[in-house]
Structure formats: structure tokens, C-alpha cells
$ cat final_39.pdb   # PDB, N, CA and C atoms
ATOM      1  N   MET E 290     -96.742  52.052-234.627
ATOM      2  CA  MET E 290     -96.283  52.707-233.434
ATOM      3  C   MET E 290     -96.994  54.039-233.233
ATOM      4  N   ASN E 291     -97.423  54.654-234.297
ATOM      5  CA  ASN E 291     -98.134  55.924-234.195
ATOM      6  C   ASN E 291     -99.594  55.688-233.908
ATOM      7  N   GLU E 292    -100.229  56.664-233.293
ATOM      8  CA  GLU E 292    -101.638  56.549-232.964
ATOM      9  C   GLU E 292    -102.523  56.957-234.132
ATOM     10  N   LEU E 293    -101.926  57.503-235.171
ATOM     11  CA  LEU E 293    -102.704  57.902-236.332
ATOM     12  C   LEU E 293    -102.875  56.713-237.256
ATOM     13  N   SER E 294    -104.055  56.520-237.718
ATOM     14  CA  SER E 294    -104.293  55.478-238.705
ATOM     15  C   SER E 294    -105.353  55.974-239.667
ATOM     16  N   ILE E 295    -105.283  55.475-240.868
ATOM     17  CA  ILE E 295    -106.249  55.873-241.889
ATOM     18  C   ILE E 295    -107.362  54.842-241.872
ATOM     19  N   ALA E 296    -108.520  55.268-241.460
ATOM     20  CA  ALA E 296    -109.672  54.377-241.410
ATOM     21  C   ALA E 296    -110.458  54.515-242.709
ATOM     22  N   ALA E 297    -111.277  53.535-242.974
ATOM     23  CA  ALA E 297    -112.082  53.567-244.194
ATOM     24  C   ALA E 297    -113.010  54.771-244.207
ATOM     25  N   GLY E 298    -113.486  55.185-243.046
ATOM     26  CA  GLY E 298    -114.406  56.313-242.976
ATOM     27  C   GLY E 298    -113.726  57.599-242.560
ATOM     28  N   ALA E 299    -112.449  57.743-242.851
ATOM     29  CA  ALA E 299    -111.716  58.938-242.426
ATOM     30  C   ALA E 299    -112.293  60.205-243.028
ATOM     31  N   ALA E 300    -112.874  60.115-244.217
ATOM     32  CA  ALA E 300    -113.462  61.298-244.840
ATOM     33  C   ALA E 300    -114.650  61.798-244.043
ATOM     34  N   GLY E 301    -115.291  60.921-243.269
ATOM     35  CA  GLY E 301    -116.445  61.291-242.472
ATOM     36  C   GLY E 301    -116.107  62.112-241.233
ATOM     37  N   LEU E 302    -114.822  62.294-240.947
ATOM     38  CA  LEU E 302    -114.441  63.069-239.772
ATOM     39  C   LEU E 302    -114.889  64.521-239.875
ATOM     40  N   LEU E 303    -115.004  65.035-241.075
ATOM     41  CA  LEU E 303    -115.381  66.426-241.258
ATOM     42  C   LEU E 303    -116.885  66.613-241.382
ATOM     43  N   GLN E 304    -117.636  65.521-241.372
ATOM     44  CA  GLN E 304    -119.082  65.609-241.498
ATOM     45  C   GLN E 304    -119.704  65.761-240.117
ATOM     46  N   PRO E 305    -120.751  66.589-239.991
ATOM     47  CA  PRO E 305    -121.427  66.731-238.709
ATOM     48  C   PRO E 305    -122.054  65.407-238.291
ATOM     49  N   VAL E 306    -122.020  65.143-237.005
ATOM     50  CA  VAL E 306    -122.604  63.930-236.461
ATOM     51  C   VAL E 306    -124.075  64.199-236.181
ATOM     52  N   ALA E 307    -124.942  63.347-236.681
ATOM     53  CA  ALA E 307    -126.379  63.540-236.498
ATOM     54  C   ALA E 307    -126.737  63.437-235.021
ATOM     55  N   GLY E 308    -127.492  64.392-234.535
ATOM     56  CA  GLY E 308    -127.952  64.384-233.156
ATOM     57  C   GLY E 308    -126.917  64.836-232.142
ATOM     58  N   ALA E 309    -125.752  65.217-232.576
ATOM     59  CA  ALA E 309    -124.703  65.645-231.657
ATOM     60  C   ALA E 309    -124.446  67.130-231.853
ATOM     61  N   GLY E 310    -124.024  67.771-230.794
ATOM     62  CA  GLY E 310    -123.726  69.197-230.876
ATOM     63  C   GLY E 310    -122.400  69.448-231.565
ATOM     64  N   ALA E 311    -122.182  70.679-231.939
ATOM     65  CA  ALA E 311    -120.936  71.045-232.613
ATOM     66  C   ALA E 311    -119.738  70.818-231.703
ATOM     67  N   ARG E 312    -119.933  70.887-230.388
ATOM     68  CA  ARG E 312    -118.834  70.699-229.439
ATOM     69  C   ARG E 312    -118.243  69.293-229.553
ATOM     70  N   VAL E 313    -119.074  68.288-229.776
ATOM     71  CA  VAL E 313    -118.585  66.917-229.915
ATOM     72  C   VAL E 313    -117.698  66.803-231.153
ATOM     73  N   VAL E 314    -118.139  67.377-232.245
ATOM     74  CA  VAL E 314    -117.348  67.344-233.470
ATOM     75  C   VAL E 314    -116.038  68.097-233.253
ATOM     76  N   THR E 315    -116.083  69.235-232.588
ATOM     77  CA  THR E 315    -114.877  70.013-232.318
ATOM     78  C   THR E 315    -113.914  69.230-231.425
ATOM     79  N   ASP E 316    -114.433  68.505-230.455
ATOM     80  CA  ASP E 316    -113.577  67.687-229.594
ATOM     81  C   ASP E 316    -112.884  66.589-230.403
ATOM     82  N   LYS E 317    -113.617  65.981-231.343
ATOM     83  CA  LYS E 317    -113.009  64.964-232.198
ATOM     84  C   LYS E 317    -111.950  65.595-233.095
ATOM     85  N   MET E 318    -112.254  66.768-233.610
ATOM     86  CA  MET E 318    -111.280  67.461-234.453
ATOM     87  C   MET E 318    -110.023  67.784-233.650
ATOM     88  N   ARG E 319    -110.217  68.257-232.437
ATOM     89  CA  ARG E 319    -109.088  68.625-231.585
ATOM     90  C   ARG E 319    -108.222  67.400-231.294
ATOM     91  N   ALA E 320    -108.867  66.282-230.958
ATOM     92  CA  ALA E 320    -108.127  65.056-230.665
ATOM     93  C   ALA E 320    -107.350  64.582-231.893
ATOM     94  N   THR E 321    -107.970  64.673-233.054
ATOM     95  CA  THR E 321    -107.297  64.278-234.300
ATOM     96  C   THR E 321    -106.118  65.193-234.590
ATOM     97  N   ALA E 322    -106.318  66.500-234.403
ATOM     98  CA  ALA E 322    -105.247  67.466-234.657
ATOM     99  C   ALA E 322    -104.088  67.265-233.687
ATOM    100  N   GLU E 323    -104.391  66.964-232.423
ATOM    101  CA  GLU E 323    -103.326  66.735-231.447
ATOM    102  C   GLU E 323    -102.581  65.436-231.745
ATOM    103  N   ALA E 324    -103.295  64.418-232.208
ATOM    104  CA  ALA E 324    -102.630  63.169-232.595
ATOM    105  C   ALA E 324    -101.711  63.408-233.796
ATOM    106  N   PHE E 325    -102.160  64.239-234.733
ATOM    107  CA  PHE E 325    -101.322  64.580-235.889
ATOM    108  C   PHE E 325    -100.077  65.336-235.430
ATOM    109  N   GLU E 326    -100.248  66.314-234.522
ATOM    110  CA  GLU E 326     -99.095  67.078-234.031
ATOM    111  C   GLU E 326     -98.118  66.167-233.302
ATOM    112  N   ALA E 327     -98.627  65.232-232.498
ATOM    113  CA  ALA E 327     -97.753  64.298-231.789
ATOM    114  C   ALA E 327     -96.974  63.424-232.773
ATOM    115  N   SER E 328     -97.645  62.976-233.816
ATOM    116  CA  SER E 328     -96.971  62.176-234.839
ATOM    117  C   SER E 328     -95.883  62.986-235.541
ATOM    118  N   PHE E 329     -96.206  64.229-235.867
ATOM    119  CA  PHE E 329     -95.237  65.118-236.517
ATOM    120  C   PHE E 329     -94.022  65.348-235.608
ATOM    121  N   LEU E 330     -94.273  65.663-234.338
ATOM    122  CA  LEU E 330     -93.172  65.911-233.405
ATOM    123  C   LEU E 330     -92.325  64.659-233.204
ATOM    124  N   SER E 331     -92.969  63.505-233.178
ATOM    125  CA  SER E 331     -92.237  62.254-233.032
ATOM    126  C   SER E 331     -91.273  62.058-234.203
ATOM    127  N   GLN E 332     -91.751  62.334-235.414
ATOM    128  CA  GLN E 332     -90.891  62.203-236.592
ATOM    129  C   GLN E 332     -89.745  63.213-236.562
ATOM    130  N   MET E 333     -89.991  64.387-236.011
ATOM    131  CA  MET E 333     -88.938  65.402-235.917
ATOM    132  C   MET E 333     -87.910  65.063-234.833
ATOM    133  N   MET E 334     -88.341  64.366-233.774
ATOM    134  CA  MET E 334     -87.436  64.030-232.664
ATOM    135  C   MET E 334     -86.583  62.785-232.941
ATOM    136  N   LYS E 335     -87.064  61.895-233.777
ATOM    137  CA  LYS E 335     -86.346  60.631-234.007
ATOM    138  C   LYS E 335     -84.894  60.835-234.421
ATOM    139  N   PRO E 336     -84.564  61.743-235.340
ATOM    140  CA  PRO E 336     -83.157  61.915-235.718
ATOM    141  C   PRO E 336     -82.262  62.376-234.560
ATOM    142  N   MET E 337     -82.847  63.016-233.556
ATOM    143  CA  MET E 337     -82.048  63.471-232.412
ATOM    144  C   MET E 337     -81.470  62.296-231.627
ATOM    145  N   PHE E 338     -82.142  61.150-231.669
ATOM    146  CA  PHE E 338     -81.733  60.011-230.858
ATOM    147  C   PHE E 338     -81.040  58.913-231.660
ATOM    148  N   GLU E 339     -81.023  59.013-232.980
ATOM    149  CA  GLU E 339     -80.476  57.941-233.812
ATOM    150  C   GLU E 339     -78.988  57.708-233.595
ATOM    151  N   GLY E 340     -78.218  58.733-233.366
ATOM    152  CA  GLY E 340     -76.778  58.579-233.245
ATOM    153  C   GLY E 340     -76.296  58.308-231.835
ATOM    154  N   LEU E 341     -77.186  58.247-230.865
ATOM    155  CA  LEU E 341     -76.771  58.041-229.482
ATOM    156  C   LEU E 341     -76.364  56.597-229.239
ATOM    157  N   SER E 342     -75.281  56.430-228.553
ATOM    158  CA  SER E 342     -74.792  55.102-228.228
ATOM    159  C   SER E 342     -75.547  54.550-227.021
ATOM    160  N   THR E 343     -75.822  53.264-227.038
ATOM    161  CA  THR E 343     -76.490  52.635-225.898
ATOM    162  C   THR E 343     -75.487  51.877-225.033
ATOM    163  N   ASP E 344     -74.194  52.033-225.334
ATOM    164  CA  ASP E 344     -73.143  51.379-224.553
ATOM    165  C   ASP E 344     -72.739  52.277-223.393
ATOM    166  N   GLY E 345     -71.868  51.788-222.585
ATOM    167  CA  GLY E 345     -71.334  52.581-221.502
ATOM    168  C   GLY E 345     -71.983  52.259-220.168
ATOM    169  N   MET E 346     -71.502  52.952-219.142
ATOM    170  CA  MET E 346     -71.938  52.669-217.786
ATOM    171  C   MET E 346     -73.440  52.879-217.595
ATOM    172  N   PHE E 347     -73.995  53.931-218.183
ATOM    173  CA  PHE E 347     -75.406  54.234-217.972
ATOM    174  C   PHE E 347     -76.252  53.928-219.207
ATOM    175  N   GLY E 348     -75.693  53.233-220.145
ATOM    176  CA  GLY E 348     -76.430  52.863-221.340
ATOM    177  C   GLY E 348     -77.359  51.692-221.075
ATOM    178  N   GLY E 349     -78.414  51.611-221.822
ATOM    179  CA  GLY E 349     -79.392  50.541-221.643
ATOM    180  C   GLY E 349     -79.154  49.354-222.538
ATOM    181  N   GLY E 350     -78.104  49.398-223.323
ATOM    182  CA  GLY E 350     -77.794  48.280-224.189
ATOM    183  C   GLY E 350     -78.801  48.114-225.312
ATOM    184  N   GLU E 351     -78.989  46.872-225.719
ATOM    185  CA  GLU E 351     -79.876  46.555-226.836
ATOM    186  C   GLU E 351     -81.326  46.925-226.522
ATOM    187  N   ALA E 352     -81.750  46.784-225.280
ATOM    188  CA  ALA E 352     -83.136  47.102-224.905
ATOM    189  C   ALA E 352     -83.417  48.591-225.082
ATOM    190  N   GLU E 353     -82.447  49.420-224.784
ATOM    191  CA  GLU E 353     -82.649  50.863-224.958
ATOM    192  C   GLU E 353     -82.903  51.192-226.423
ATOM    193  N   GLY E 354     -82.134  50.604-227.297
ATOM    194  CA  GLY E 354     -82.329  50.830-228.719
ATOM    195  C   GLY E 354     -83.677  50.306-229.199
ATOM    196  N   THR E 355     -84.105  49.176-228.632
ATOM    197  CA  THR E 355     -85.378  48.572-229.023
ATOM    198  C   THR E 355     -86.557  49.439-228.614
ATOM    199  N   TRP E 356     -86.532  50.005-227.433
ATOM    200  CA  TRP E 356     -87.660  50.756-226.886
ATOM    201  C   TRP E 356     -87.566  52.260-227.104
ATOM    202  N   ARG E 357     -86.514  52.705-227.756
ATOM    203  CA  ARG E 357     -86.312  54.139-227.956
ATOM    204  C   ARG E 357     -87.468  54.786-228.719
ATOM    205  N   GLY E 358     -88.028  54.111-229.700
ATOM    206  CA  GLY E 358     -89.148  54.649-230.470
ATOM    207  C   GLY E 358     -90.349  54.955-229.588
ATOM    208  N   PHE E 359     -90.601  54.086-228.605
ATOM    209  CA  PHE E 359     -91.707  54.325-227.682
ATOM    210  C   PHE E 359     -91.434  55.547-226.814
ATOM    211  N   LEU E 360     -90.184  55.722-226.414
ATOM    212  CA  LEU E 360     -89.813  56.889-225.621
ATOM    213  C   LEU E 360     -90.020  58.172-226.419
ATOM    214  N   VAL E 361     -89.606  58.168-227.669
ATOM    215  CA  VAL E 361     -89.763  59.348-228.525
ATOM    216  C   VAL E 361     -91.243  59.668-228.716
ATOM    217  N   ASP E 362     -92.069  58.645-228.954
ATOM    218  CA  ASP E 362     -93.509  58.867-229.110
ATOM    219  C   ASP E 362     -94.122  59.431-227.837
ATOM    220  N   ALA E 363     -93.714  58.907-226.689
ATOM    221  CA  ALA E 363     -94.237  59.402-225.415
ATOM    222  C   ALA E 363     -93.819  60.852-225.178
ATOM    223  N   MET E 364     -92.585  61.180-225.535
ATOM    224  CA  MET E 364     -92.127  62.566-225.369
ATOM    225  C   MET E 364     -92.913  63.500-226.277
ATOM    226  N   ALA E 365     -93.224  63.060-227.482
ATOM    227  CA  ALA E 365     -94.001  63.880-228.414
ATOM    228  C   ALA E 365     -95.415  64.101-227.882
ATOM    229  N   ARG E 366     -96.059  63.025-227.382
ATOM    230  CA  ARG E 366     -97.407  63.171-226.824
ATOM    231  C   ARG E 366     -97.403  64.095-225.608
ATOM    232  N   GLN E 367     -96.377  63.991-224.779
ATOM    233  CA  GLN E 367     -96.289  64.848-223.595
ATOM    234  C   GLN E 367     -96.066  66.305-224.002
ATOM    235  N   THR E 368     -95.309  66.529-225.040
ATOM    236  CA  THR E 368     -95.098  67.888-225.546
ATOM    237  C   THR E 368     -96.412  68.495-226.011
ATOM    238  N   VAL E 369     -97.214  67.707-226.720
ATOM    239  CA  VAL E 369     -98.524  68.191-227.172
ATOM    240  C   VAL E 369     -99.426  68.455-225.977
ATOM    241  N   LYS E 370     -99.390  67.564-225.002
ATOM    242  CA  LYS E 370    -100.217  67.723-223.790
ATOM    243  C   LYS E 370     -99.850  68.999-223.031
ATOM    244  N   ALA E 371     -98.581  69.383-223.093
ATOM    245  CA  ALA E 371     -98.110  70.583-222.406
ATOM    246  C   ALA E 371     -98.337  71.856-223.213
ATOM    247  N   GLY E 372     -98.956  71.738-224.377
ATOM    248  CA  GLY E 372     -99.238  72.927-225.184
ATOM    249  C   GLY E 372     -98.745  72.822-226.606
ATOM    250  N   GLY E 373     -97.831  71.915-226.852
ATOM    251  CA  GLY E 373     -97.353  71.688-228.208
ATOM    252  C   GLY E 373     -96.632  72.873-228.813
ATOM    253  N   VAL E 374     -96.566  72.875-230.124
ATOM    254  CA  VAL E 374     -95.882  73.936-230.856
ATOM    255  C   VAL E 374     -96.848  74.761-231.696
ATOM    256  N   GLY E 375     -98.146  74.504-231.524
ATOM    257  CA  GLY E 375     -99.156  75.286-232.237
ATOM    258  C   GLY E 375     -99.663  74.649-233.519
ATOM    259  N   LEU E 376     -99.143  73.502-233.881
ATOM    260  CA  LEU E 376     -99.566  72.846-235.107
ATOM    261  C   LEU E 376    -101.019  72.367-235.009
ATOM    262  N   ALA E 377    -101.409  71.841-233.847
ATOM    263  CA  ALA E 377    -102.786  71.343-233.675
ATOM    264  C   ALA E 377    -103.798  72.471-233.855
ATOM    265  N   ASP E 378    -103.480  73.658-233.375
ATOM    266  CA  ASP E 378    -104.387  74.797-233.536
ATOM    267  C   ASP E 378    -104.603  75.125-235.010
ATOM    268  N   GLN E 379    -103.543  75.077-235.781
ATOM    269  CA  GLN E 379    -103.644  75.361-237.206
ATOM    270  C   GLN E 379    -104.441  74.280-237.935
ATOM    271  N   VAL E 380    -104.244  73.036-237.536
ATOM    272  CA  VAL E 380    -104.971  71.933-238.161
ATOM    273  C   VAL E 380    -106.466  72.047-237.861
ATOM    274  N   VAL E 381    -106.821  72.360-236.608
ATOM    275  CA  VAL E 381    -108.237  72.529-236.239
ATOM    276  C   VAL E 381    -108.850  73.679-237.030
ATOM    277  N   ALA E 382    -108.128  74.769-237.162
ATOM    278  CA  ALA E 382    -108.637  75.913-237.923
ATOM    279  C   ALA E 382    -108.921  75.519-239.374
ATOM    280  N   GLN E 383    -108.029  74.747-239.975
ATOM    281  CA  GLN E 383    -108.241  74.309-241.350
ATOM    282  C   GLN E 383    -109.403  73.321-241.448
ATOM    283  N   MET E 384    -109.558  72.451-240.452
ATOM    284  CA  MET E 384    -110.688  71.520-240.445
ATOM    285  C   MET E 384    -112.015  72.285-240.371
ATOM    286  N   LEU E 385    -112.051  73.322-239.545
ATOM    287  CA  LEU E 385    -113.272  74.114-239.429
ATOM    288  C   LEU E 385    -113.576  74.848-240.736
ATOM    289  N   LYS E 386    -112.540  75.365-241.394
ATOM    290  CA  LYS E 386    -112.743  76.027-242.687
ATOM    291  C   LYS E 386    -113.294  75.039-243.711
ATOM    292  N   MET E 387    -112.756  73.832-243.725
ATOM    293  CA  MET E 387    -113.222  72.813-244.660
ATOM    294  C   MET E 387    -114.677  72.437-244.375
ATOM    295  N   GLN E 388    -115.005  72.339-243.087
ATOM    296  CA  GLN E 388    -116.374  71.987-242.717
ATOM    297  C   GLN E 388    -117.344  73.105-243.085
ATOM    298  N   GLU E 389    -116.951  74.360-242.872
ATOM    299  CA  GLU E 389    -117.807  75.488-243.229
ATOM    300  C   GLU E 389    -118.022  75.556-244.744
ATOM    301  N   ALA E 390    -117.003  75.202-245.495
ATOM    302  CA  ALA E 390    -117.124  75.222-246.958
ATOM    303  C   ALA E 390    -118.087  74.152-247.451
ATOM    304  N   GLN E 391    -118.229  73.059-246.694
ATOM    305  CA  GLN E 391    -119.117  71.979-247.090
ATOM    306  C   GLN E 391    -120.564  72.243-246.710
ATOM    307  N   GLU E 392    -120.804  73.120-245.730
ATOM    308  CA  GLU E 392    -122.167  73.408-245.288
ATOM    309  C   GLU E 392    -122.894  74.244-246.322
ATOM    310  N   PRO E 393    -124.143  73.914-246.604
ATOM    311  CA  PRO E 393    -124.916  74.719-247.554
ATOM    312  C   PRO E 393    -125.225  76.091-246.980
ATOM    313  N   ALA E 394    -125.265  77.089-247.841
ATOM    314  CA  ALA E 394    -125.570  78.455-247.398
ATOM    315  C   ALA E 394    -127.025  78.534-246.966
ATOM    316  N   ALA E 395    -127.270  79.238-245.859
ATOM    317  CA  ALA E 395    -128.629  79.337-245.326
ATOM    318  C   ALA E 395    -129.429  80.398-246.014
TER     319      ALA E 395
END

$ encode --input "final_39.pdb" --output "C-alpha cells"
Amino acid sequence: MNELSIAAGAAGLLQPVAGAGARVVTDKMRATAEAFEASFLSQMMKPMFEGLSTDGMFGGGEAEGTWRGFLVDAMARQTVKAGGVGLADQVVAQMLKMQEAQEPAA
């Protein structure tokens, strides 16, 4: 359900792409950091909805309970799109520090 997945070449995310500018790598880092923040926010929001009843006049019944996870994920992604809570910025900063540490001194 989450957009984050561990790929076989995940370690290569911090390596510079041959023939590409630093901006492309930064854009990939930013997208990865925002996906991580969305995943984190989704996990934090899930307990808020676990105890809600789906019965009643305006309840969605069994379908509401089934699709609730998708709603929580969408709300988390929208929160990140609106500026998030600052976690993505911290993740990007750490990725850049890690990348700078891997670069040979000139």
C-alpha cells in the first residue's frame, strides 16, 4: 500500500548519475524523502481512524473499513504536498551529507 519499496539497487540512490547534473540527483532525493515523509505520516495517522465506527446513518459500512487505508495514505501524501511537517527536508539534508562524505576530496 505504501509507495516506498526497497529495490535491489537502493544503495545506488546516493551515487551520482553519470552524465546528469546534480539537480537531477537532488530531485530524486527530494522525491524519495517526500515518499518517506508520506509513509511516516500515514503510519502516524492510522491509529486516529482505527476506533471509528463505520455504522450509522453516514457510515460507509464494510467498504469504508476496507478502503480506509487508501484514504489515510492519500491524506498523508496531500499533507506532504502542502508542505509536510519538515521531515523530508531533514532527510534530504542527511542524504546530501552522506553523498558529500562519499565524494573524494579534490

$ closest_residue --input "final_39.pdb" --among "E:Ala390, E:Met318, E:Leu341, E:Ala327" --to "Met364 (chain E)" --atoms "all atoms listed in the file"
E:Ala327

$ atom_distance --input "final_39.pdb" --atom1 "CA of Gly348 (chain E)" --atom2 "CA of Ser328 (chain E)"
26.3 Å

$ atom_distance --input "final_39.pdb" --atom1 "atom C of Gln388 (chain E)" --atom2 "CA of Phe325 (chain E)"
19.5 Å

$ closest_residue --input "final_39.pdb" --among "E:Gln383, E:Thr343, E:Thr315, E:Gln391" --to "Arg357 (chain E)" --atoms "only C-alpha atoms"
E:Thr343

$ atom_distance --input "final_39.pdb" --atom1 "CA of Val361 (chain E)" --atom2 "atom N of Gln332 (chain E)"
7.8 Å

$ closest_residue --input "final_39.pdb" --among "E:Ala320, E:Met346, E:Met384, E:Ala365" --to "Met334 (chain E)" --atoms "only N, CA and C atoms"
E:Ala365

$ residues_around --input "final_39.pdb" --residues "Val380 (chain E)" --least-positions-apart "2" --cutoff "8 Å" --atoms "only N, CA and C atoms" --output "PyMOL selection string"
chain E and resi 318-319+321-323+375-378+382-386

$ resolve_selection --input "final_39.pdb" --expression "the PyMOL selection byres ((chain E and resi 366) around 8)" --output "PyMOL selection string"
chain E and resi 323-324+326-328+330-331+360-365+367-373

$ write_last_selection --input "final_39.pdb" --atoms "N, CA and C atoms" --output "tab-separated table (two decimals), in the coordinates of the input"
chain	number	residue	atom	x	y	z
E	323	GLU	N	-104.39	66.96	-232.42
E	323	GLU	CA	-103.33	66.74	-231.45
E	323	GLU	C	-102.58	65.44	-231.74
E	324	ALA	N	-103.30	64.42	-232.21
E	324	ALA	CA	-102.63	63.17	-232.60
E	324	ALA	C	-101.71	63.41	-233.80
E	326	GLU	N	-100.25	66.31	-234.52
E	326	GLU	CA	-99.10	67.08	-234.03
E	326	GLU	C	-98.12	66.17	-233.30
E	327	ALA	N	-98.63	65.23	-232.50
E	327	ALA	CA	-97.75	64.30	-231.79
E	327	ALA	C	-96.97	63.42	-232.77
E	328	SER	N	-97.64	62.98	-233.82
E	328	SER	CA	-96.97	62.18	-234.84
E	328	SER	C	-95.88	62.99	-235.54
E	330	LEU	N	-94.27	65.66	-234.34
E	330	LEU	CA	-93.17	65.91	-233.40
E	330	LEU	C	-92.32	64.66	-233.20
E	331	SER	N	-92.97	63.50	-233.18
E	331	SER	CA	-92.24	62.25	-233.03
E	331	SER	C	-91.27	62.06	-234.20
E	360	LEU	N	-90.18	55.72	-226.41
E	360	LEU	CA	-89.81	56.89	-225.62
E	360	LEU	C	-90.02	58.17	-226.42
E	361	VAL	N	-89.61	58.17	-227.67
E	361	VAL	CA	-89.76	59.35	-228.52
E	361	VAL	C	-91.24	59.67	-228.72
E	362	ASP	N	-92.07	58.64	-228.95
E	362	ASP	CA	-93.51	58.87	-229.11
E	362	ASP	C	-94.12	59.43	-227.84
E	363	ALA	N	-93.71	58.91	-226.69
E	363	ALA	CA	-94.24	59.40	-225.42
E	363	ALA	C	-93.82	60.85	-225.18
E	364	MET	N	-92.58	61.18	-225.54
E	364	MET	CA	-92.13	62.57	-225.37
E	364	MET	C	-92.91	63.50	-226.28
E	365	ALA	N	-93.22	63.06	-227.48
E	365	ALA	CA	-94.00	63.88	-228.41
E	365	ALA	C	-95.42	64.10	-227.88
E	367	GLN	N	-96.38	63.99	-224.78
E	367	GLN	CA	-96.29	64.85	-223.60
E	367	GLN	C	-96.07	66.31	-224.00
E	368	THR	N	-95.31	66.53	-225.04
E	368	THR	CA	-95.10	67.89	-225.55
E	368	THR	C	-96.41	68.50	-226.01
E	369	VAL	N	-97.21	67.71	-226.72
E	369	VAL	CA	-98.52	68.19	-227.17
E	369	VAL	C	-99.43	68.46	-225.98
E	370	LYS	N	-99.39	67.56	-225.00
E	370	LYS	CA	-100.22	67.72	-223.79
E	370	LYS	C	-99.85	69.00	-223.03
E	371	ALA	N	-98.58	69.38	-223.09
E	371	ALA	CA	-98.11	70.58	-222.41
E	371	ALA	C	-98.34	71.86	-223.21
E	372	GLY	N	-98.96	71.74	-224.38
E	372	GLY	CA	-99.24	72.93	-225.18
E	372	GLY	C	-98.74	72.82	-226.61
E	373	GLY	N	-97.83	71.92	-226.85
E	373	GLY	CA	-97.35	71.69	-228.21
E	373	GLY	C	-96.63	72.87	-228.81

$ axis_aligned_box --input "final_39.pdb" --around "region 352-360 of chain E" --padding-each-side "3 Å" --output "JSON"
{"center_x": -86.7, "center_y": 52.5, "center_z": -227.6, "size_x": 16.0, "size_y": 17.4, "size_z": 11.7}
